[in-house]
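K.L.:
File follows, entry-v4.cif with mmCIF, C-alpha atoms:
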data_my_file
#
loop_
_atom_site.label_atom_id
_atom_site.label_comp_id
_atom_site.auth_asym_id
_atom_site.auth_seq_id
_atom_site.Cartn_x
_atom_site.Cartn_y
_atom_site.Cartn_z
CA ALA A 27 284.63 24.22 229.12
CA GLY A 28 283.13 26.50 226.50
CA GLU A 29 282.44 30.20 226.84
CA SER A 30 278.82 29.65 227.88
CA ALA A 31 279.84 27.06 230.48
CA MET A 32 282.47 29.42 231.87
CA ARG A 33 279.96 32.26 232.02
CA LYS A 34 277.79 30.06 234.27
CA LEU A 35 280.69 29.95 236.73
CA MET A 36 280.61 33.74 237.11
CA PRO A 37 280.17 34.35 240.85
CA SER A 38 277.25 36.32 242.24
CA GLU A 39 277.83 38.84 245.01
CA ALA A 40 276.45 36.30 247.49
CA GLU A 41 278.85 33.60 246.25
CA LEU A 42 281.86 35.91 246.57
CA VAL A 43 281.44 35.78 250.35
CA SER A 44 282.79 32.20 250.29
CA TYR A 45 285.84 33.10 248.16
CA GLU A 46 289.34 33.32 249.63
CA ALA A 47 290.97 36.74 249.79
CA ALA A 48 294.38 37.83 248.49
CA ALA A 49 296.11 41.21 248.58
CA GLY A 50 294.55 44.26 246.92
CA GLY A 51 290.93 43.14 247.21
CA VAL A 52 291.49 40.05 245.05
CA LEU A 53 289.10 37.13 245.57
CA PHE A 54 289.57 33.58 244.31
CA LYS A 55 288.10 30.10 244.41
CA ASP A 56 289.50 26.76 243.20
CA VAL A 57 287.21 24.88 240.83
CA ALA A 58 289.67 21.99 240.42
CA PRO A 59 292.58 21.55 242.87
CA GLY A 60 295.33 20.29 240.54
CA VAL A 61 298.21 17.98 241.47
CA GLY A 62 301.81 18.23 242.65
CA THR A 63 303.48 21.15 244.39
CA ALA A 64 301.99 24.64 244.51
CA VAL A 65 303.63 27.34 242.39
CA LYS A 66 305.63 30.11 244.05
CA ALA A 67 307.27 33.44 243.19
CA GLY A 68 309.73 33.17 240.33
CA ASP A 69 308.19 30.06 238.77
CA LYS A 70 307.33 30.47 235.08
CA LEU A 71 303.66 29.68 234.53
CA ARG A 72 301.84 28.60 231.38
CA MET A 73 298.14 29.16 231.82
CA LEU A 74 294.95 29.17 229.79
CA LEU A 75 293.13 32.41 230.53
CA THR A 76 289.58 33.55 229.86
CA MET A 77 288.41 36.88 231.31
CA PHE A 78 284.99 38.44 231.72
CA LEU A 79 283.61 41.75 232.89
CA SER A 80 281.10 41.59 235.74
CA ASP A 81 278.19 41.74 233.27
CA GLY A 82 279.38 38.51 231.61
CA THR A 83 281.07 40.07 228.58
CA MET A 84 284.09 37.99 227.57
CA VAL A 85 287.04 40.31 227.01
CA THR A 86 289.87 37.94 226.12
CA ARG A 87 290.40 37.63 222.38
CA THR A 88 289.61 33.92 222.52
CA GLU A 89 288.46 31.43 225.11
CA GLY A 90 291.42 29.90 226.93
CA ILE A 91 294.13 32.14 225.47
CA GLU A 92 297.59 30.81 226.39
CA VAL A 93 299.64 33.16 228.53
CA LYS A 94 303.18 32.63 229.87
CA VAL A 95 304.43 34.69 232.78
CA ALA A 96 306.75 34.49 235.80
CA LEU A 97 304.80 34.60 239.05
CA GLY A 98 305.66 37.79 240.92
CA SER A 99 306.83 39.64 237.81
CA LYS A 100 305.35 42.93 236.59
CA ASP A 101 304.49 41.56 233.15
CA LEU A 102 300.82 41.20 234.12
CA PRO A 103 298.74 43.00 236.75
CA ALA A 104 299.30 42.15 240.40
CA GLY A 105 295.57 41.55 240.80
CA LEU A 106 295.72 38.61 238.41
CA LEU A 107 299.08 37.18 239.52
CA ASP A 108 298.34 37.48 243.24
CA GLY A 109 295.27 35.38 242.63
CA LEU A 110 297.37 32.54 241.18
CA VAL A 111 299.60 31.94 244.21
CA GLY A 112 299.20 28.39 245.49
CA MET A 113 297.80 26.91 242.27
CA LYS A 114 298.88 23.43 241.18
CA VAL A 115 299.28 21.90 237.73
CA GLY A 116 295.93 21.05 236.17
CA GLY A 117 294.18 23.25 238.69
CA GLN A 118 291.39 25.60 237.67
CA ARG A 119 290.65 28.80 239.55
CA ILE A 120 288.26 31.73 239.37
CA VAL A 121 289.93 35.05 240.25
CA LYS A 122 288.10 38.34 240.64
CA PHE A 123 290.26 41.44 240.85
CA PRO A 124 289.32 45.14 241.01
CA ALA A 125 290.37 47.62 238.34
CA GLU A 126 292.85 49.29 240.72
CA VAL A 127 295.11 46.21 240.64
CA GLY A 128 294.07 45.11 237.16
CA PHE A 129 294.76 46.19 233.59
CA THR A 130 295.50 49.83 234.30
CA SER A 131 297.24 52.00 231.70
CA GLU A 132 300.56 50.61 232.96
CA TYR A 133 299.56 47.26 231.50
CA ARG A 134 297.99 48.52 228.28
CA ALA A 135 300.49 46.66 226.09
CA ALA A 136 299.77 43.40 227.91
CA ALA A 137 296.04 44.05 227.71
CA VAL A 138 296.13 44.67 223.96
CA ALA A 139 297.88 41.30 223.53
CA VAL A 140 295.14 39.30 225.26
CA VAL A 141 292.05 41.51 225.35
CA LYS A 142 289.75 42.56 222.54
CA GLY A 143 288.58 46.15 222.24
CA CYS A 144 291.40 47.49 224.36
CA GLY A 145 293.41 49.81 222.14
CA ASN A 146 293.64 53.44 220.99
CA GLY A 147 293.49 54.72 224.54
CA VAL A 148 290.12 53.08 225.25
CA CYS A 149 289.82 50.10 227.61
CA LYS A 150 286.88 49.22 229.84
CA LEU A 151 289.30 47.26 232.02
CA ASP A 152 290.62 50.59 233.31
CA ALA A 153 287.50 51.08 235.39
CA GLU A 154 285.77 47.72 235.81
CA PRO A 155 286.57 44.63 237.89
CA VAL A 156 287.48 41.48 236.00
CA VAL A 157 286.66 37.83 236.58
CA ALA A 158 289.36 35.50 235.24
CA MET A 159 288.97 31.77 234.63
CA VAL A 160 292.45 30.25 234.83
CA LYS A 161 293.76 26.76 234.18
CA LEU A 162 297.41 26.11 235.06
CA ALA A 163 298.67 23.97 232.19
CA GLY A 164 302.29 23.78 233.36
CA TYR A 165 305.17 25.62 234.98
CA GLU A 166 308.94 25.68 235.35
CA LYS A 167 310.38 25.88 238.85
CA LYS A 168 312.51 28.96 239.51
CA GLU A 169 315.36 26.89 240.99
CA CYS A 170 315.38 24.42 238.09
CA GLN A 171 315.48 26.87 235.19
CA GLY A 172 318.74 26.24 233.33
CA SER A 173 319.32 22.85 234.94
CA LYS A 174 320.42 20.10 232.55
CA ASP A 175 318.74 17.27 234.45
CA SER A 176 315.40 15.83 233.41
CA ILE A 177 313.40 12.62 233.42
CA SER A 178 314.33 10.30 230.59
CA ALA A 179 314.21 6.60 229.79
CA ASP A 180 316.79 4.59 227.81
CA ALA A 181 315.34 1.32 226.52
CA SER A 182 318.24 0.51 224.19
CA GLN A 183 319.23 -2.56 226.26
CA PHE A 184 315.72 -3.81 226.90
CA PHE A 185 315.84 -6.64 224.35
CA THR A 186 319.45 -7.64 225.08
CA LYS A 187 319.55 -7.35 228.86
CA GLY A 188 315.91 -6.79 229.78
CA GLU A 189 316.82 -3.43 231.28
CA VAL A 190 315.45 0.09 231.00
CA ARG A 191 317.58 2.89 232.44
CA VAL A 192 315.58 5.74 233.96
CA THR A 193 317.11 9.11 234.86
CA ILE A 194 315.06 10.98 237.45
CA GLY A 195 316.50 14.50 237.46
CA ASN A 196 318.27 15.51 240.68
CA GLU A 197 317.41 15.96 244.33
CA ALA A 198 316.44 19.63 244.06
CA CYS A 199 314.62 19.21 240.75
CA PRO A 200 313.20 15.66 240.63
CA GLU A 201 311.05 16.49 237.62
CA GLY A 202 314.05 17.92 235.76
CA ASN A 203 314.41 21.30 234.10
CA THR A 204 311.54 20.99 231.65
CA GLU A 205 308.01 22.22 232.17
CA ILE A 206 306.13 20.41 234.91
CA THR A 207 302.82 19.09 233.61
CA GLU A 208 300.27 16.57 234.85
CA ALA A 209 301.87 13.94 232.58
CA ARG A 210 305.34 14.51 234.07
CA ILE A 211 304.00 14.32 237.61
CA LYS A 212 302.32 11.01 236.78
CA MET A 213 305.58 9.73 235.27
CA ARG A 214 307.47 10.72 238.42
CA SER A 215 304.86 8.92 240.53
CA MET A 216 305.18 5.80 238.37
CA VAL A 217 308.97 5.77 238.84
CA GLU A 218 308.61 6.17 242.61
CA ASN A 219 306.11 3.29 242.70
CA LEU A 220 308.56 1.10 240.75
CA LYS A 221 311.28 1.95 243.25
CA ALA A 222 309.01 1.21 246.21
CA SER A 223 307.97 -2.17 244.76
CA GLY A 224 311.59 -3.17 244.12
CA LYS A 225 311.26 -3.13 240.33
CA ILE A 226 314.01 -0.51 240.14
CA ASP A 227 317.37 -1.79 241.38
CA THR A 228 318.41 1.14 243.60
CA SER A 229 321.69 -0.57 244.45
CA ARG A 230 322.82 0.09 240.86
CA GLN A 231 322.07 3.83 240.84
CA GLU A 232 324.52 6.27 239.33
CA GLY A 233 323.66 9.65 240.76
CA PHE A 234 319.91 9.71 240.39
CA ALA A 235 319.79 7.17 237.56
CA GLY A 236 318.18 3.81 238.27
CA VAL A 237 317.84 0.56 236.35
CA VAL A 238 314.60 -1.33 235.87
CA PRO A 239 315.93 -4.92 235.73
CA LYS A 240 314.60 -7.91 233.79
CA MET A 241 311.04 -6.74 233.27
CA ASN A 242 308.63 -9.47 232.16
CA LYS A 243 308.46 -9.32 228.36
CA GLN A 244 305.10 -10.90 227.57
#
Mind converting the file's structure to structure tokens?

P.N.:
Amino acid sequence: AGESAMRKLMPSEAELVSYEAAAGGVLFKDVAPGVGTAVKAGDKLRMLLTMFLSDGTMVTRTEGIEVKVALGSKDLPAGLLDGLVGMKVGGQRIVKFPAEVGFTSEYRAAAVAVVKGCGNGVCKLDAEPVVAMVKLAGYEKKECQGSKDSISADASQFFTKGEVRVTIGNEACPEGNTEITEARIKMRSMVENLKASGKIDTSRQEGFAGVVPKMNKQ
């Protein structure tokens, strides 16, 4: 969505009544629900962020600026991060947070990185509430960071044996240690469907590796 389209999503005071509430006077509403498992504290998020003042002035340097942050950290204001709890990959959310839990002077360095006109001791975000349009592009699970397991496919024996070997991460981290995106969730779903339909020979698993036997090569 472009800047003008996002501005049309700015909630009126009447619409805010239907928003869900988080700590510190934060209000939020999901525009698109996303897929997979909801993010939690400690997960590293990659989001596309566009922020507006209540009068509709866009204050991020660009539309959809990419921001990476661990949920629950103090790298960005609590008002913004508290509004992201429960989001899923591909989800889009509108978050309104008051200045008291927003880009106060404590977060001036972070504000300067993403917000225009917020330097030299002057920042309207110090005193005004902010409406953030957020899309969760991907995230890394806290418990999987540093893991060496991931989803991969080895097709080296496809033409000789008609087999493709698929590694599916591990039990705690089925998506592996890399960033979880919509594409990876779809790949995981495809593998599970192959297993359920018997196209993956689970009797030949090694750990969490499976073999797709003798696929029809038309």

K.L.:
Of the residues A:Val95, A:Val121, A:Ile211, A:Leu102, which is the one nearest to Tyr45 of chain A, using all atoms listed in the file?

P.N.:
A:Val121

K.L.:
Let me make sure I understand: among A:Glu41, A:Glu46, A:Glu208, A:Asp101, which one has the smallest atom-to-atom distance to Leu162 of chain A if we use only C-alpha atoms?

P.N.:
A:Glu208

K.L.:
Pick from A:Val93, A:Leu79, A:Val127, A:Leu220: nearest to Glu154 of chain A, with all atoms listed in the file counted?

P.N.:
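The answer is A:Leu79, which sits nearest to Glu154 of chain A.
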
K.L.:
Report, in Å with one decimal, the straight-line distance from atom CA of Lys70 of chain A to atom CA of Cys149 of chain A.

P.N.:
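Going from atom CA of Lys70 of chain A over to atom CA of Cys149 of chain A, I get 27.3 Å.
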
K.L.:
Could you tell me how far atom CA of Met159 of chain A lies from atom CA of Gly90 of chain A, in Å and to one decimal?

P.N.:
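Distance between the two atoms: 8.3 Å.
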
K.L.:
Counting all atoms listed in the file, which residue out of A:Val111, A:Val52, A:Arg72, A:Lys122 sits closest to Ser38 of chain A?

P.N.:
A:Lys122

K.L.:
Decode the PyMOL selection byres ((chain A and resi 107) around 12) for the given file into explicit residues and return them as a ChimeraX atom specification.

P.N.:
/A:48-50,52-54,65-71,73,75,93-106,108-113,119,121-123,127-129,158,160

K.L.:
I need the residue nearest Lys34 of chain A from this list: A:Asp56, A:Glu89, A:Leu151, A:Gly82. Use all atoms listed in the file for the distance.

P.N.:
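Closest candidate: A:Gly82.
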
K.L.:
Mind giving me the straight-line distance from atom CA of Gly116 of chain A to atom CA of Met32 of chain A in Å, one decimal?

P.N.:
16.4 Å

K.L.:
Give me, as a PyMOL selection string, all polymer residues having an atom no more than 9 Å from Thr88 of chain A, counting all atoms listed in the file and skipping those fewer than 2 positions away in the same chain.

P.N.:
chain A and resi 75-76+84-86+90-91+140-142

K.L.:
Have a look at A:Lys161, A:Gly62, A:Phe78, A:Pro124 and name the one nearest to Arg210 of chain A; count only C-alpha atoms.

P.N.:
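Closest residue, counting only C-alpha atoms: A:Gly62.
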